[in-house]
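Undergrad: Below is the structure I would like to discuss, written out as structure tokens.
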Amino acid sequence: MVFSLLITAILAIIAAKTLKEYLKRRHSNIPSANMGWPFIGETLSFVKAHPAFTLGDYLQHHIAKYGTVFWANIFGKWVIHSVDPELNRFVVNNEMKMFKQGWPRSLSRLIGNNALTISLGDAHKRRRAEVLNYLSGSRLESTFLRDMEQIASAHMESWRNREMVIATDETRKYAFYMIAKKALSMTPGSPETEKLMEALNDIYMGIGLIYVNLPGTRFRKALQSRAYVQEVIRQKLEQRRLKDQEDDDFLNYLIKDGTYSTEEMGDLVQNFIFGGNEVIGRTLAAAIYYLGTCPQACDQLREERLQVIRSKQQSGDSSLTLSDYRGMEFTQCVVNETLRLGTVSRFLHKVATANIQYKGYVIPRGCTVIANISAMHLDPTEFKDPETFNPWRWLTPNGVKKSRSFMPFSGGARHCIGAELAKLELMVFIHQLVTKYEWEFAQNDPPMATPRLEFPNCLPIKIKAISPKL
């Protein structure tokens with residue numbers, strides 16, 4: 001009798017919740033996709049791998065059937081999936097007003113409660129300002145640029161006696177060596193640095209749609225790696241306190257501030273490394289792929305760099321400055337086109353904090369909105385032949401084209417504060433690459449969206465050293 005009542009109560013709760021969800025969707029004026037499979041909904045179709053420069057079967061089917069905004073059942077939870085540029089901009093620009101971050105709660109266990117990525121309100125503003133101050137233009141010019149050039153040059157010199165390199169491994173190392181040096185003054189290529197790089201990669205791979213803390217799962221391994229990363233940062237912190245040691249890095253910058261706890265500094269430093277590692281490493285691999293399909297772009301990049309160097313040599317200085325890089329328009333076009341087709345942060349997860357009416361839609365309070373940024377970058381009404389790598393599309397008589405549909409670094413209050421650093425790092429690496437090597441693919445290995453940006457075979461390339469004449 002008791003068991004029957006319990007089952008009846010559970011079924012009644014499920015029915016009431018289902019009815020509530022149905023009425024919410026019905027009153028929103030937003031079409032609903034199919035329920036999909038029990039518990040997981042349409043998740044398998046949503047995460048199915050497809051070439052990163054295409055929408056994929058899931059989106060193509062849903063856009064054709066339901067339009068650019070629709071309800072979708074992802075992992076048993078109904079969310080609003082938007083590929084509409086105007087709605088996505090509205091969501092992004094109203095962060096902290098009408099929307100808040102919608103990442104799973106388990107994410108904080110991997111990146112920390114104090115990480116800038118999930119910080120809210122005044123805490124977010126304070127931490128954001130701290131990182132912005134550290135990434136000031138003067139520091140980019142005085143230390144970051146020189147370190148980028150030195151690390152990129154030394155890294156590529158190590159390829160000299162090799163006929164083939166694994167591009168994803170090499171770009172990941174370059175990106176990590178650079179950010180680890182600026183965060184913790186770690187030596188590129190040292191065993192300590194290599195071990196920390198693998199731990200951060202484990203954390204990245206543990207961030208997904210399912211967080212199951214069981215032995216053998218990616219999430220369990222990611223939690224263990226998180227503990228290791230935090231211990232490394234804590235040891236670095238203790239060493240500096242005991243020896244009164246100062247280094248020109250982000251950790252020392254936080255120590256000097258004097259207002260952050262050990263836990264806060266651990267989370268902020270990990271987040272600093274994390275943000276400057278995976279995005280840049282994967283984007284650079286995409287650049288190698290797309291430039292490998294377009295020799296004309298490589299030739300124009302070389303000529304643009306050499307023209308600047310020739311001009312500076314006439315005044316007795318051949319070193320490139322921050323303003324020199326920013327003045328290379330075609331280089332900026334290549335970076336933009338790579339970011340467009342090789343979008344790493346493909347989705348933004350936001351939660352409505354109130355009932356919102358927008359263009360006839362009703363977005364219910366508490367509803368998750370998935371703003372699909374990568375789909376915006378493939379919008380044929382904004383980008384002609386969107387699946388084609390064409391950096392010249394960004395060139396205009398008035399300079400490099402700007403597009404409101406181009407959001408590789410998000411926008412609004414959550415606009416990536418490392419965007420300028422990332423673009424500079426991309427430009428430096430690309431210039432070093434095209435002026436030192438030519439390359440061809442060892443096998444066809446296009447970038448895939450899984451939904452992460454991945455190269456299934458790690459993009460092996462055959463390289464040939466070159467020496468362009470000034």
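Here's how to read the names in the structure tokens: chain A, B, ... by the order shown, residue numbers from 1 in each chain, ligand numbers from 1 in the order shown.
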Which residues come within 9 Å of segment 364-369 of chain A, counting only C-alpha atoms, excluding same-chain residues fewer than 5 positions away, as a short mmCIF file (atom, residue, chain, number, x, y, z; two decimals) with N, CA, C and O atoms, in the first residue's frame?

TA:
data_model
loop_
_atom_site.label_atom_id
_atom_site.label_comp_id
_atom_site.auth_asym_id
_atom_site.auth_seq_id
_atom_site.Cartn_x
_atom_site.Cartn_y
_atom_site.Cartn_z
N LYS A 24 5.02 25.98 -20.55
CA LYS A 24 6.06 27.01 -20.69
C LYS A 24 6.49 27.12 -22.15
O LYS A 24 6.62 28.22 -22.70
N ARG A 25 6.71 25.98 -22.79
CA ARG A 25 7.13 25.99 -24.19
C ARG A 25 6.01 26.50 -25.09
O ARG A 25 6.24 27.27 -26.01
N SER A 28 5.56 30.27 -25.20
CA SER A 28 6.75 31.05 -25.55
C SER A 28 6.75 31.51 -27.01
O SER A 28 7.58 32.34 -27.39
N TRP A 78 14.87 20.75 -21.42
CA TRP A 78 14.46 21.61 -22.53
C TRP A 78 15.20 22.95 -22.46
O TRP A 78 15.17 23.62 -21.43
N VAL A 79 15.84 23.31 -23.54
CA VAL A 79 16.58 24.58 -23.62
C VAL A 79 16.18 25.28 -24.91
O VAL A 79 15.68 24.65 -25.85
N ILE A 80 16.38 26.59 -24.95
CA ILE A 80 16.16 27.34 -26.18
C ILE A 80 17.48 27.41 -26.93
O ILE A 80 18.48 27.90 -26.41
N HIS A 81 17.49 26.88 -28.15
CA HIS A 81 18.70 26.89 -28.98
C HIS A 81 18.54 28.00 -30.01
O HIS A 81 17.60 27.99 -30.80
N SER A 82 19.47 28.95 -30.00
CA SER A 82 19.36 30.10 -30.90
C SER A 82 20.57 30.19 -31.82
O SER A 82 21.72 30.19 -31.36
N VAL A 91 21.09 38.47 -25.95
CA VAL A 91 21.41 37.66 -24.77
C VAL A 91 22.78 38.06 -24.21
O VAL A 91 22.93 38.29 -23.00
N GLY A 102 25.10 30.06 -17.45
CA GLY A 102 24.29 28.86 -17.32
C GLY A 102 25.09 27.58 -17.35
O GLY A 102 24.56 26.52 -17.71
N LEU A 348 27.40 29.54 -26.05
CA LEU A 348 27.31 30.24 -24.78
C LEU A 348 26.05 29.77 -24.08
O LEU A 348 24.98 29.71 -24.69
N HIS A 349 26.18 29.42 -22.81
CA HIS A 349 25.03 28.94 -22.03
C HIS A 349 24.61 30.06 -21.08
O HIS A 349 25.35 30.44 -20.18
N LYS A 350 23.39 30.56 -21.26
CA LYS A 350 22.88 31.63 -20.41
C LYS A 350 21.53 31.23 -19.83
O LYS A 350 20.76 30.50 -20.46
N VAL A 351 21.22 31.73 -18.64
CA VAL A 351 19.94 31.45 -17.98
C VAL A 351 19.19 32.75 -17.78
O VAL A 351 19.75 33.73 -17.26
N ALA A 352 17.93 32.78 -18.21
CA ALA A 352 17.10 33.98 -18.04
C ALA A 352 16.78 34.18 -16.57
O ALA A 352 16.36 33.25 -15.88
N THR A 353 16.97 35.40 -16.07
CA THR A 353 16.69 35.71 -14.67
C THR A 353 15.32 36.33 -14.49
O THR A 353 14.93 36.66 -13.37
N ALA A 354 14.58 36.50 -15.58
CA ALA A 354 13.22 37.03 -15.54
C ALA A 354 12.49 36.56 -16.78
O ALA A 354 13.11 36.06 -17.73
N ASN A 355 11.18 36.69 -16.80
CA ASN A 355 10.43 36.43 -18.03
C ASN A 355 10.71 37.54 -19.02
O ASN A 355 10.52 38.72 -18.71
N ILE A 356 11.20 37.18 -20.20
CA ILE A 356 11.68 38.17 -21.16
C ILE A 356 10.89 38.06 -22.46
O ILE A 356 10.72 36.97 -23.00
N GLN A 357 10.42 39.19 -22.94
CA GLN A 357 9.76 39.25 -24.24
C GLN A 357 10.71 39.88 -25.24
O GLN A 357 11.27 40.95 -24.98
#

Undergrad: Step one, run DSSP on the backbone; step two, keep only residues of segment 158-359 of chain A assigned to helix (DSSP H, G or I); then write them as an NGL selection string.

TA: :A and (167-184 or 191-206 or 218-243 or 250-257 or 262-275 or 278-292 or 295-313 or 322-326 or 329-341)

Undergrad: Taking C-alpha atoms for each residue, export the selection above as a CSV table (one decimal), in the first residue's frame.

TA:
chain,number,residue,atom,x,y,z
A,167,ALA,CA,50.5,20.3,-35.5
A,168,THR,CA,48.1,20.1,-32.6
A,169,ASP,CA,50.8,19.0,-30.2
A,170,GLU,CA,53.1,21.8,-31.3
A,171,THR,CA,50.5,24.6,-31.1
A,172,ARG,CA,49.3,23.3,-27.7
A,173,LYS,CA,52.9,23.4,-26.4
A,174,TYR,CA,53.6,26.9,-27.8
A,175,ALA,CA,50.4,28.3,-26.3
A,176,PHE,CA,51.0,26.6,-22.9
A,177,TYR,CA,54.7,27.5,-22.7
A,178,MET,CA,53.7,31.2,-23.2
A,179,ILE,CA,50.9,31.4,-20.7
A,180,ALA,CA,52.7,29.3,-18.1
A,181,LYS,CA,55.7,31.6,-18.2
A,182,LYS,CA,53.4,34.7,-17.8
A,183,ALA,CA,51.3,33.1,-15.1
A,184,LEU,CA,53.9,31.3,-13.0
A,191,PRO,CA,59.4,18.5,-16.8
A,192,GLU,CA,57.4,20.6,-14.4
A,193,THR,CA,55.9,22.6,-17.2
A,194,GLU,CA,55.1,19.5,-19.2
A,195,LYS,CA,53.4,17.8,-16.3
A,196,LEU,CA,51.3,20.9,-15.6
A,197,MET,CA,50.3,21.1,-19.2
A,198,GLU,CA,49.0,17.5,-19.2
A,199,ALA,CA,47.0,18.2,-16.0
A,200,LEU,CA,45.4,21.3,-17.5
A,201,ASN,CA,44.5,19.3,-20.6
A,202,ASP,CA,42.9,16.6,-18.4
A,203,ILE,CA,40.7,19.3,-16.9
A,204,TYR,CA,39.7,20.7,-20.3
A,205,MET,CA,38.7,17.2,-21.5
A,206,GLY,CA,36.7,16.7,-18.3
A,218,ARG,CA,37.1,11.8,-17.5
A,219,PHE,CA,35.4,13.9,-14.7
A,220,ARG,CA,37.2,11.9,-12.0
A,221,LYS,CA,40.5,12.3,-13.8
A,222,ALA,CA,39.8,16.0,-14.2
A,223,LEU,CA,39.1,16.4,-10.5
A,224,GLN,CA,42.4,14.7,-9.7
A,225,SER,CA,44.3,17.0,-12.1
A,226,ARG,CA,42.6,20.0,-10.6
A,227,ALA,CA,43.9,19.0,-7.2
A,228,TYR,CA,47.4,18.7,-8.7
A,229,VAL,CA,47.3,22.1,-10.4
A,230,GLN,CA,46.1,23.8,-7.2
A,231,GLU,CA,49.0,22.2,-5.3
A,232,VAL,CA,51.5,23.4,-7.8
A,233,ILE,CA,50.2,27.0,-7.5
A,234,ARG,CA,50.1,26.7,-3.7
A,235,GLN,CA,53.8,25.5,-3.6
A,236,LYS,CA,54.8,28.4,-5.9
A,237,LEU,CA,53.0,30.8,-3.6
A,238,GLU,CA,54.7,29.4,-0.5
A,239,GLN,CA,58.2,29.5,-2.1
A,240,ARG,CA,57.8,33.2,-2.9
A,241,ARG,CA,56.5,34.1,0.6
A,242,LEU,CA,59.4,32.2,2.3
A,243,LYS,CA,62.1,33.6,0.0
A,250,PHE,CA,50.4,37.0,-12.8
A,251,LEU,CA,50.8,35.2,-9.5
A,252,ASN,CA,53.2,37.9,-8.2
A,253,TYR,CA,50.8,40.6,-9.5
A,254,LEU,CA,48.0,39.0,-7.3
A,255,ILE,CA,50.4,38.7,-4.3
A,256,LYS,CA,51.3,42.4,-4.5
A,257,ASP,CA,47.6,43.3,-4.5
A,262,THR,CA,45.3,31.6,-1.3
A,263,GLU,CA,42.2,29.9,-2.6
A,264,GLU,CA,41.3,32.9,-4.7
A,265,MET,CA,44.7,33.2,-6.2
A,266,GLY,CA,44.8,29.5,-7.0
A,267,ASP,CA,41.5,29.7,-8.9
A,268,LEU,CA,42.4,33.0,-10.7
A,269,VAL,CA,45.8,31.7,-11.8
A,270,GLN,CA,44.4,28.4,-13.1
A,271,ASN,CA,41.7,30.3,-14.9
A,272,PHE,CA,44.3,32.6,-16.4
A,273,ILE,CA,46.3,29.7,-17.7
A,274,PHE,CA,43.3,27.9,-18.9
A,275,GLY,CA,41.9,30.8,-20.9
A,278,GLU,CA,43.3,25.8,-25.0
A,279,VAL,CA,41.6,28.5,-27.2
A,280,ILE,CA,44.9,29.7,-28.6
A,281,GLY,CA,46.4,26.2,-29.1
A,282,ARG,CA,43.4,24.9,-31.0
A,283,THR,CA,42.9,28.1,-33.0
A,284,LEU,CA,46.6,28.0,-34.1
A,285,ALA,CA,46.1,24.4,-35.3
A,286,ALA,CA,43.1,25.6,-37.3
A,287,ALA,CA,45.3,28.4,-38.8
A,288,ILE,CA,47.8,25.8,-39.9
A,289,TYR,CA,45.1,23.8,-41.5
A,290,TYR,CA,43.3,26.6,-43.3
A,291,LEU,CA,46.6,28.3,-44.5
A,292,GLY,CA,47.7,24.9,-45.7
A,295,PRO,CA,49.2,29.1,-50.4
A,296,GLN,CA,48.3,32.5,-51.7
A,297,ALA,CA,47.5,33.7,-48.2
A,298,CYS,CA,50.8,32.4,-46.9
A,299,ASP,CA,52.6,34.3,-49.7
A,300,GLN,CA,50.8,37.5,-48.8
A,301,LEU,CA,51.5,37.1,-45.1
A,302,ARG,CA,55.2,36.7,-45.8
A,303,GLU,CA,55.3,39.8,-48.0
A,304,GLU,CA,53.3,41.9,-45.5
A,305,ARG,CA,55.8,41.1,-42.8
A,306,LEU,CA,58.9,41.6,-45.0
A,307,GLN,CA,57.6,45.0,-46.1
A,308,VAL,CA,57.3,46.2,-42.5
A,309,ILE,CA,60.8,44.9,-41.7
A,310,ARG,CA,62.3,46.5,-44.8
A,311,SER,CA,60.7,49.8,-43.9
A,312,LYS,CA,62.0,49.6,-40.3
A,313,GLN,CA,65.5,48.6,-41.4
A,322,LEU,CA,52.8,46.1,-31.0
A,323,SER,CA,51.7,48.9,-33.3
A,324,ASP,CA,53.5,47.1,-36.2
A,325,TYR,CA,51.5,44.0,-35.7
A,326,ARG,CA,48.3,45.9,-35.3
A,329,GLU,CA,45.8,44.4,-42.1
A,330,PHE,CA,46.1,41.2,-44.0
A,331,THR,CA,47.5,39.4,-41.0
A,332,GLN,CA,44.4,40.6,-39.0
A,333,CYS,CA,42.2,39.3,-41.8
A,334,VAL,CA,43.8,35.8,-41.6
A,335,VAL,CA,43.3,35.8,-37.8
A,336,ASN,CA,39.7,36.8,-38.2
A,337,GLU,CA,39.0,34.2,-40.8
A,338,THR,CA,40.6,31.5,-38.7
A,339,LEU,CA,38.6,32.5,-35.7
A,340,ARG,CA,35.4,32.5,-37.8
A,341,LEU,CA,35.9,29.0,-39.2

Undergrad: Produce a table with one row for each residue of segment 145-184 of chain A that has an atom at most 7 Å from any atom of segment 419-434 of chain A, each row naming the nearest atom pair and its distance in Å at one decimal; use only C-alpha atoms; arrange rows by chain and rising residue number; format as a tab-separated table.

TA:
residue	atom	partner	partner_atom	distance
A:Met148	CA	A:Glu425	CA	6.6
A:Glu149	CA	A:Val428	CA	6.4
A:Ala152	CA	A:Phe429	CA	6.0
A:Ser153	CA	A:Gln432	CA	6.6

Undergrad: Tell me, which residues of segment 298-431 of chain A carry DSSP strand (DSSP E or B), written as a PyMOL selection string?

TA: chain A and resi 347-352+356-358+361-363+368-372+395-396+399-400

Undergrad: Have a look at atom CA of Met164 of chain A and atom CA of Asp445 of chain A and let me know their distance in Å, one decimal.

TA: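 So the answer is 14.6 Å.
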
Undergrad: When you count only C-alpha atoms, which of these residues is closest to Asn29 of chain A: A:Phe347, A:Phe383, A:Trp439, A:Tyr361?

TA: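 Looking at the shortest contact to Asn29 of chain A, the residue is A:Tyr361.
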
Undergrad: So, with only C-alpha atoms as the atoms that count, which of A:Arg452, A:Asp248, A:Glu438, A:Cys294 lies closest to Ile207 of chain A?

TA: A:Arg452
